[in-house]
Amino acid sequence: ESESVEGILQWHLFLNPKSLALIAPGLISGIFMYLALLRFRSAFTLPISMISLLGVFFCAMVLLGVPLSSARDLGWLPESSDEVPLTEAWGLFDLKSVDWKVLPRVLPTFLAMFLVVGFSSCLDVAAIEMEIGKPLEYNKELKVVGMSN
């Protein structure tokens, strides 16, 4: 069973053995990634840390003899779902089903979010530039952000 927490005042609900056992690996992993970022000044540090943590988790499952089904039952992994081919999503796309009358009402919100996300990305690049202490090429960095989104 999971706890429903809607604010910091309800964090005390996590003070039970099961919740603490589920929180501990995330906390340890976060500390590991933070220390790795302090120690290694490479763009690959965070991706390598994240992949390494996944590898450690699944190796631990194998070494401890814990099947994935048990890991799911214990809350370590999400419930499995049926595999769906990526191409199936395109079959669901139908322009005839779009309610075009709604577009004028949602367009201002869409454009506002577009501007907020664009501005936020600029701030992210500026923060990274300050952290690494070297000037970055904003156009190049923003193109990377755009392609990744």
# chains A, B, ... in the order shown; residues from 1 in each chain; ligands from 1
>>> residues_around(residues="stretch 72-87 of chain A", least_positions_apart="4", cutoff="12 Å", atoms="only C-alpha atoms", output="list of chain:residue names")
A:Glu1, A:Ser2, A:Lys18, A:Ser19, A:Ala21, A:Leu22, A:Ile23, A:Ala24, A:Pro25, A:Gly26, A:Leu54, A:Phe57, A:Phe58, A:Met61, A:Val66, A:Pro67, A:Leu68, A:Gly91, A:Leu92, A:Phe93
>>> write_last_selection(atoms="N, CA and C atoms", output="PDB file, in the first residue's frame")
ATOM      1  N   GLU A   1       0.844  -1.169   0.000  1.00  0.00           N
ATOM      2  CA  GLU A   1       0.000   0.000   0.000  1.00  0.00           C
ATOM      3  C   GLU A   1       0.887   1.228   0.000  1.00  0.00           C
ATOM      4  N   SER A   2       0.454   2.276  -0.692  1.00  0.00           N
ATOM      5  CA  SER A   2       1.266   3.483  -0.797  1.00  0.00           C
ATOM      6  C   SER A   2       0.643   4.599   0.046  1.00  0.00           C
ATOM      7  N   LYS A  18       8.789   0.425   5.794  1.00  0.00           N
ATOM      8  CA  LYS A  18       8.650   0.173   4.356  1.00  0.00           C
ATOM      9  C   LYS A  18       8.981   1.421   3.545  1.00  0.00           C
ATOM     10  N   SER A  19       8.430   2.565   3.935  1.00  0.00           N
ATOM     11  CA  SER A  19       8.707   3.810   3.216  1.00  0.00           C
ATOM     12  C   SER A  19      10.182   4.174   3.287  1.00  0.00           C
ATOM     13  N   ALA A  21      12.679   2.166   3.674  1.00  0.00           N
ATOM     14  CA  ALA A  21      13.438   1.223   2.850  1.00  0.00           C
ATOM     15  C   ALA A  21      13.349   1.599   1.376  1.00  0.00           C
ATOM     16  N   LEU A  22      12.204   2.131   0.953  1.00  0.00           N
ATOM     17  CA  LEU A  22      12.050   2.538  -0.441  1.00  0.00           C
ATOM     18  C   LEU A  22      12.731   3.879  -0.722  1.00  0.00           C
ATOM     19  N   ILE A  23      12.816   4.744   0.275  1.00  0.00           N
ATOM     20  CA  ILE A  23      13.437   6.056   0.117  1.00  0.00           C
ATOM     21  C   ILE A  23      14.963   5.961   0.150  1.00  0.00           C
ATOM     22  N   ALA A  24      15.504   5.068   0.962  1.00  0.00           N
ATOM     23  CA  ALA A  24      16.954   4.993   1.189  1.00  0.00           C
ATOM     24  C   ALA A  24      17.778   4.874  -0.092  1.00  0.00           C
ATOM     25  N   PRO A  25      17.447   3.974  -1.026  1.00  0.00           N
ATOM     26  CA  PRO A  25      18.268   3.885  -2.244  1.00  0.00           C
ATOM     27  C   PRO A  25      18.268   5.179  -3.061  1.00  0.00           C
ATOM     28  N   GLY A  26      17.130   5.851  -3.112  1.00  0.00           N
ATOM     29  CA  GLY A  26      17.078   7.121  -3.835  1.00  0.00           C
ATOM     30  C   GLY A  26      17.931   8.188  -3.185  1.00  0.00           C
ATOM     31  N   LEU A  54      21.521   2.162 -12.359  1.00  0.00           N
ATOM     32  CA  LEU A  54      20.615   1.130 -12.879  1.00  0.00           C
ATOM     33  C   LEU A  54      21.316  -0.223 -12.914  1.00  0.00           C
ATOM     34  N   PHE A  57      21.605  -1.621  -9.432  1.00  0.00           N
ATOM     35  CA  PHE A  57      20.314  -2.112  -8.959  1.00  0.00           C
ATOM     36  C   PHE A  57      20.010  -3.498  -9.526  1.00  0.00           C
ATOM     37  N   PHE A  58      20.122  -3.635 -10.854  1.00  0.00           N
ATOM     38  CA  PHE A  58      19.768  -4.917 -11.459  1.00  0.00           C
ATOM     39  C   PHE A  58      20.785  -6.006 -11.123  1.00  0.00           C
ATOM     40  N   MET A  61      19.816  -7.200  -7.749  1.00  0.00           N
ATOM     41  CA  MET A  61      18.646  -8.083  -7.825  1.00  0.00           C
ATOM     42  C   MET A  61      19.069  -9.507  -8.212  1.00  0.00           C
ATOM     43  N   VAL A  66      16.658 -12.030  -6.320  1.00  0.00           N
ATOM     44  CA  VAL A  66      15.306 -11.454  -6.260  1.00  0.00           C
ATOM     45  C   VAL A  66      14.746 -11.367  -7.682  1.00  0.00           C
ATOM     46  N   PRO A  67      13.716 -12.148  -7.994  1.00  0.00           N
ATOM     47  CA  PRO A  67      13.120 -12.052  -9.333  1.00  0.00           C
ATOM     48  C   PRO A  67      12.431 -10.702  -9.518  1.00  0.00           C
ATOM     49  N   LEU A  68      12.308 -10.256 -10.773  1.00  0.00           N
ATOM     50  CA  LEU A  68      11.692  -8.967 -11.048  1.00  0.00           C
ATOM     51  C   LEU A  68      10.249  -8.912 -10.550  1.00  0.00           C
ATOM     52  N   GLY A  91      -1.179   5.147 -35.282  1.00  0.00           N
ATOM     53  CA  GLY A  91      -2.495   4.674 -35.686  1.00  0.00           C
ATOM     54  C   GLY A  91      -3.615   5.343 -34.909  1.00  0.00           C
ATOM     55  N   LEU A  92      -3.302   5.867 -33.734  1.00  0.00           N
ATOM     56  CA  LEU A  92      -4.289   6.552 -32.904  1.00  0.00           C
ATOM     57  C   LEU A  92      -4.479   8.014 -33.319  1.00  0.00           C
ATOM     58  N   PHE A  93      -3.572   8.531 -34.117  1.00  0.00           N
ATOM     59  CA  PHE A  93      -3.604   9.934 -34.517  1.00  0.00           C
ATOM     60  C   PHE A  93      -4.581  10.115 -35.666  1.00  0.00           C
TER      61      PHE A  93
END
>>> residues_around(residues="stretch 118-122 of chain A", least_positions_apart="5", cutoff="9 Å", atoms="only C-alpha atoms", output="list in words")
Met113, Ala127, Tyr138, Glu141, Leu142, Val145 and Gly146 of chain A
>>> atom_distance(atom1="atom CA of A:Ala36", atom2="atom CA of A:Pro135")
22.6 Å
>>> atom_distance(atom1="atom CA of A:Phe14", atom2="atom CA of A:Ala71")
19.7 Å
>>> select_by_dssp(residues="chain A", states="alpha helix (DSSP H)", output="ChimeraX atom specification")
/A:17-39,45-63,68-73,88-91,103-132,138-148
>>> residues_around(residues="A:Leu13", least_positions_apart="4", cutoff="10 Å", atoms="only C-alpha atoms", output="NGL selection string")
:A and (3-5 or 9 or 19)
>>> residues_around(residues="A:Met33", least_positions_apart="2", cutoff="10 Å", atoms="only C-alpha atoms", output="JSON, numbers by chain")
{"A": [27, 28, 29, 30, 31, 35, 36, 37, 38, 39, 45, 46, 47, 48, 49, 50, 53]}
>>> write_last_selection(atoms="N, CA, C and O atoms", output="mmCIF file, in the first residue's frame")
data_model
loop_
_atom_site.group_PDB
_atom_site.id
_atom_site.type_symbol
_atom_site.label_atom_id
_atom_site.label_comp_id
_atom_site.auth_asym_id
_atom_site.auth_seq_id
_atom_site.Cartn_x
_atom_site.Cartn_y
_atom_site.Cartn_z
ATOM 1 N N LEU A 27 17.886 8.231 -1.876
ATOM 2 C CA LEU A 27 18.693 9.187 -1.126
ATOM 3 C C LEU A 27 20.182 8.886 -1.305
ATOM 4 O O LEU A 27 20.982 9.788 -1.587
ATOM 5 N N ILE A 28 20.556 7.631 -1.165
ATOM 6 C CA ILE A 28 21.957 7.226 -1.358
ATOM 7 C C ILE A 28 22.411 7.510 -2.786
ATOM 8 O O ILE A 28 23.514 8.008 -3.017
ATOM 9 N N SER A 29 21.542 7.213 -3.758
ATOM 10 C CA SER A 29 21.874 7.471 -5.167
ATOM 11 C C SER A 29 22.068 8.958 -5.419
ATOM 12 O O SER A 29 22.983 9.364 -6.141
ATOM 13 N N GLY A 30 21.198 9.792 -4.822
ATOM 14 C CA GLY A 30 21.334 11.239 -4.980
ATOM 15 C C GLY A 30 22.647 11.751 -4.412
ATOM 16 O O GLY A 30 23.316 12.588 -5.027
ATOM 17 N N ILE A 31 23.022 11.246 -3.248
ATOM 18 C CA ILE A 31 24.296 11.641 -2.640
ATOM 19 C C ILE A 31 25.458 11.187 -3.524
ATOM 20 O O ILE A 31 26.411 11.940 -3.754
ATOM 21 N N LEU A 35 28.171 13.725 -5.209
ATOM 22 C CA LEU A 35 29.615 13.598 -4.978
ATOM 23 C C LEU A 35 30.366 13.346 -6.283
ATOM 24 O O LEU A 35 31.471 13.870 -6.477
ATOM 25 N N ALA A 36 29.762 12.567 -7.179
ATOM 26 C CA ALA A 36 30.402 12.316 -8.480
ATOM 27 C C ALA A 36 30.516 13.612 -9.273
ATOM 28 O O ALA A 36 31.547 13.873 -9.914
ATOM 29 N N LEU A 37 29.467 14.443 -9.219
ATOM 30 C CA LEU A 37 29.511 15.719 -9.938
ATOM 31 C C LEU A 37 30.529 16.677 -9.343
ATOM 32 O O LEU A 37 31.144 17.468 -10.060
ATOM 33 N N LEU A 38 30.711 16.615 -8.026
ATOM 34 C CA LEU A 38 31.738 17.448 -7.399
ATOM 35 C C LEU A 38 33.137 16.995 -7.790
ATOM 36 O O LEU A 38 34.037 17.810 -7.987
ATOM 37 N N ARG A 39 33.312 15.694 -7.903
ATOM 38 C CA ARG A 39 34.639 15.120 -8.157
ATOM 39 C C ARG A 39 35.037 15.174 -9.625
ATOM 40 O O ARG A 39 36.177 15.481 -9.959
ATOM 41 N N THR A 45 29.514 12.742 -16.594
ATOM 42 C CA THR A 45 29.430 12.279 -15.213
ATOM 43 C C THR A 45 28.005 11.883 -14.831
ATOM 44 O O THR A 45 27.779 10.785 -14.309
ATOM 45 N N LEU A 46 27.045 12.751 -15.077
ATOM 46 C CA LEU A 46 25.675 12.463 -14.671
ATOM 47 C C LEU A 46 25.074 11.294 -15.459
ATOM 48 O O LEU A 46 24.521 10.375 -14.845
ATOM 49 N N PRO A 47 25.193 11.275 -16.799
ATOM 50 C CA PRO A 47 24.651 10.110 -17.510
ATOM 51 C C PRO A 47 25.301 8.791 -17.090
ATOM 52 O O PRO A 47 24.613 7.785 -16.909
ATOM 53 N N ILE A 48 26.611 8.799 -16.895
ATOM 54 C CA ILE A 48 27.297 7.576 -16.481
ATOM 55 C C ILE A 48 26.840 7.173 -15.080
ATOM 56 O O ILE A 48 26.618 5.988 -14.804
ATOM 57 N N SER A 49 26.662 8.155 -14.193
ATOM 58 C CA SER A 49 26.177 7.856 -12.839
ATOM 59 C C SER A 49 24.800 7.208 -12.888
ATOM 60 O O SER A 49 24.542 6.218 -12.196
ATOM 61 N N MET A 50 23.919 7.769 -13.694
ATOM 62 C CA MET A 50 22.553 7.252 -13.765
ATOM 63 C C MET A 50 22.517 5.831 -14.332
ATOM 64 O O MET A 50 21.823 4.963 -13.799
ATOM 65 N N LEU A 53 23.936 3.419 -11.746
ATOM 66 C CA LEU A 53 22.991 3.111 -10.672
ATOM 67 C C LEU A 53 21.975 2.061 -11.119
ATOM 68 O O LEU A 53 21.621 1.164 -10.352
#
>>> atom_distance(atom1="atom CA of A:Val125", atom2="atom CA of A:Ser42")
15.9 Å
